[in-house]
Amino acid sequence: MPRTTYRLYIDGAFPRAASGRTFDVHGADGTFLASAALAAGRDARDAVVAARGAFLRWSSAAGYDRGQVLYRVAEVMERHRAQFAGQVRRATGCSSGRSYAEVDAAVDRWTWYAGWADK
């Protein structure tokens with residue numbers, strides 16, 4: 001498995017942590033899964049500034065449009081269901097059936113909230 005380093009996601013971009021630090025993520029059996037950015041206070045501040053900047057646009061969008069964005073997330077998750085289930089299984093050590101159930105529940109939640117966006 002190639003060594004993967006996950007970055008942060010802030011304001012539509014994937015910056016490295018301000019500290020430049022990462023931490024290793026291990027699965028339930030102790031195997032290395034990936035490295036993840038170790039966010040610092042500056043990263044949290046940047047994320048809050050970005051969220052505040054996006055709030056007006058998101059909250060003023062029509063409920064239908066917000067729902068479509070949420071539905072799109074559910075569709076992407078469902079399309080990559082096997083990949084997500086594999087990641088859940090490696091991270092938690094649960095059975096294949098349980099990992100698929102976790103992913104299916106997440107897709108159902110995104111779909112449920114998407115349905116309420118225009119209510």
# chains A, B, ... in the order shown; residues from 1 in each chain; ligands from 1

call {"tool": "residues_around", "arguments": {"residues": "region 12-19 of chain A", "least_positions_apart": "2", "cutoff": "7 Å", "atoms": "only C-alpha atoms", "output": "CSV table (one decimal) with N, CA and C atoms, in the first residue's frame"}}
result
chain,number,residue,atom,x,y,z
A,7,ARG,N,-4.1,15.8,3.7
A,7,ARG,CA,-4.0,17.2,4.1
A,7,ARG,C,-5.3,17.6,4.7
A,8,LEU,N,-5.3,18.8,5.2
A,8,LEU,CA,-6.6,19.5,5.7
A,8,LEU,C,-7.4,19.9,4.5
A,9,TYR,N,-8.7,20.2,4.7
A,9,TYR,CA,-9.5,20.8,3.7
A,9,TYR,C,-10.1,22.1,4.3
A,10,ILE,N,-9.6,23.2,3.7
A,10,ILE,CA,-10.1,24.5,4.2
A,10,ILE,C,-10.3,25.4,3.0
A,21,ARG,N,3.4,19.4,10.5
A,21,ARG,CA,3.5,18.1,11.2
A,21,ARG,C,2.4,17.2,10.8
A,37,ALA,N,-2.6,15.2,8.5
A,37,ALA,CA,-2.1,16.5,8.9
A,37,ALA,C,-2.4,16.8,10.4
A,38,LEU,N,-1.5,17.3,11.1
A,38,LEU,CA,-1.7,17.6,12.5
A,38,LEU,C,-2.0,19.1,12.6
A,39,ALA,N,-3.3,19.4,12.6
A,39,ALA,CA,-3.7,20.8,12.6
A,39,ALA,C,-3.3,21.5,13.9
A,40,ALA,N,-3.1,22.8,13.7
A,40,ALA,CA,-2.7,23.7,14.9
A,40,ALA,C,-3.8,24.8,15.0
A,42,ARG,N,-3.6,27.9,14.2
A,42,ARG,CA,-3.8,28.7,13.0
A,42,ARG,C,-4.7,28.0,12.0
A,43,ASP,N,-4.6,26.7,11.9
A,43,ASP,CA,-5.4,26.0,10.9
A,43,ASP,C,-6.9,26.1,11.3

call {"tool": "residues_around", "arguments": {"residues": "Glu75 (chain A)", "least_positions_apart": "6", "cutoff": "10 Å", "atoms": "only C-alpha atoms", "output": "list in words"}}
result
Val69, Arg81, Val107, Trp110 and Thr111 of chain A

call {"tool": "select_by_dssp", "arguments": {"residues": "region 3-89 of chain A", "states": "helix (DSSP H, G or I)", "output": "PyMOL selection string"}}
result
chain A and resi 41-60+63-79+81-89

call {"tool": "closest_residue", "arguments": {"among": "A:Ala62, A:Ala51, A:Ala114, A:Val103", "to": "His80 (chain A)", "atoms": "only C-alpha atoms"}}
result
A:Val103

call {"tool": "atom_distance", "arguments": {"atom1": "CA of Ala91 (chain A)", "atom2": "CA of Gly41 (chain A)"}}
result
26.7 Å

call {"tool": "residues_around", "arguments": {"residues": "Glu78 (chain A)", "least_positions_apart": "2", "cutoff": "12 Å", "atoms": "only C-alpha atoms", "output": "list in words"}}
result
Tyr71, Arg72, Val73, Ala74, Glu75, Val76, His80, Arg81, Ala82, Gln83, Phe84, Ala85, Tyr100, Ala101, Glu102, Val103, Asp104, Ala105, Ala106, Val107, Asp108, Arg109, Trp110 and Thr111 of chain A

call {"tool": "write_last_selection", "arguments": {"atoms": "N, CA and C atoms", "output": "tab-separated table (two decimals), in the first residue's frame"}}
result
chain	number	residue	atom	x	y	z
A	71	TYR	N	-27.46	15.80	-1.57
A	71	TYR	CA	-27.74	14.58	-2.33
A	71	TYR	C	-26.50	14.15	-3.12
A	72	ARG	N	-25.79	15.12	-3.66
A	72	ARG	CA	-24.59	14.81	-4.45
A	72	ARG	C	-23.55	14.11	-3.58
A	73	VAL	N	-23.38	14.57	-2.35
A	73	VAL	CA	-22.44	13.90	-1.43
A	73	VAL	C	-22.87	12.45	-1.23
A	74	ALA	N	-24.16	12.23	-1.00
A	74	ALA	CA	-24.67	10.87	-0.81
A	74	ALA	C	-24.42	10.00	-2.04
A	75	GLU	N	-24.61	10.57	-3.22
A	75	GLU	CA	-24.38	9.82	-4.46
A	75	GLU	C	-22.92	9.42	-4.61
A	76	VAL	N	-22.02	10.34	-4.31
A	76	VAL	CA	-20.58	10.03	-4.41
A	76	VAL	C	-20.21	8.95	-3.40
A	80	HIS	N	-18.80	5.07	-4.29
A	80	HIS	CA	-17.53	4.55	-3.76
A	80	HIS	C	-17.74	3.70	-2.51
A	81	ARG	N	-18.88	3.08	-2.44
A	81	ARG	CA	-19.30	2.31	-1.27
A	81	ARG	C	-18.27	1.26	-0.87
A	82	ALA	N	-17.78	0.49	-1.83
A	82	ALA	CA	-16.83	-0.58	-1.51
A	82	ALA	C	-15.52	-0.01	-0.96
A	83	GLN	N	-15.06	1.09	-1.53
A	83	GLN	CA	-13.82	1.71	-1.05
A	83	GLN	C	-13.98	2.21	0.38
A	84	PHE	N	-15.10	2.90	0.66
A	84	PHE	CA	-15.35	3.38	2.02
A	84	PHE	C	-15.48	2.22	3.00
A	85	ALA	N	-16.19	1.18	2.60
A	85	ALA	CA	-16.36	0.03	3.48
A	85	ALA	C	-15.02	-0.63	3.79
A	100	TYR	N	-19.97	-2.34	5.59
A	100	TYR	CA	-20.95	-1.90	4.58
A	100	TYR	C	-22.17	-1.27	5.23
A	101	ALA	N	-22.59	-1.81	6.36
A	101	ALA	CA	-23.73	-1.24	7.08
A	101	ALA	C	-23.41	0.18	7.56
A	102	GLU	N	-22.18	0.41	8.00
A	102	GLU	CA	-21.76	1.76	8.43
A	102	GLU	C	-21.84	2.75	7.27
A	103	VAL	N	-21.32	2.34	6.12
A	103	VAL	CA	-21.34	3.22	4.95
A	103	VAL	C	-22.79	3.46	4.51
A	104	ASP	N	-23.59	2.42	4.48
A	104	ASP	CA	-24.99	2.57	4.08
A	104	ASP	C	-25.74	3.52	5.02
A	105	ALA	N	-25.45	3.42	6.31
A	105	ALA	CA	-26.08	4.32	7.28
A	105	ALA	C	-25.66	5.76	7.03
A	106	ALA	N	-24.40	5.98	6.70
A	106	ALA	CA	-23.92	7.33	6.40
A	106	ALA	C	-24.61	7.89	5.15
A	107	VAL	N	-24.73	7.08	4.13
A	107	VAL	CA	-25.42	7.51	2.91
A	107	VAL	C	-26.87	7.85	3.23
A	108	ASP	N	-27.52	7.01	4.02
A	108	ASP	CA	-28.91	7.27	4.41
A	108	ASP	C	-29.05	8.59	5.18
A	109	ARG	N	-28.11	8.89	6.04
A	109	ARG	CA	-28.18	10.14	6.81
A	109	ARG	C	-28.02	11.35	5.90
A	110	TRP	N	-27.05	11.30	4.98
A	110	TRP	CA	-26.88	12.41	4.03
A	110	TRP	C	-28.15	12.60	3.21
A	111	THR	N	-28.75	11.50	2.77
A	111	THR	CA	-29.97	11.57	1.97
A	111	THR	C	-31.12	12.14	2.79

call {"tool": "residues_around", "arguments": {"residues": "Lys119 (chain A)", "least_positions_apart": "4", "cutoff": "9 Å", "atoms": "only C-alpha atoms", "output": "PyMOL selection string"}}
result
chain A and resi 63-64+115

call {"tool": "select_by_dssp", "arguments": {"residues": "chain A", "states": "strand (DSSP E)", "output": "PyMOL selection string"}}
result
chain A and resi 5-6+22-26+32-37

call {"tool": "write_last_selection", "arguments": {"atoms": "C-alpha atoms", "output": "compact mmCIF listing (two decimals), in the first residue's frame"}}
result
# COMPACT_ATOMS: atom_id res chain seq x y z
CA THR A 5 -0.51 11.72 3.58
CA TYR A 6 -3.88 13.39 3.98
CA THR A 22 1.63 14.89 10.62
CA PHE A 23 0.67 11.86 12.64
CA ASP A 24 0.38 8.22 11.63
CA VAL A 25 -3.03 6.55 11.56
CA HIS A 26 -3.08 2.83 12.32
CA PHE A 32 -0.16 1.65 9.08
CA LEU A 33 -3.05 3.21 7.12
CA ALA A 34 -1.96 6.77 6.36
CA SER A 35 -0.42 9.95 7.67
CA ALA A 36 -2.74 12.84 8.52
CA ALA A 37 -2.05 16.53 8.91
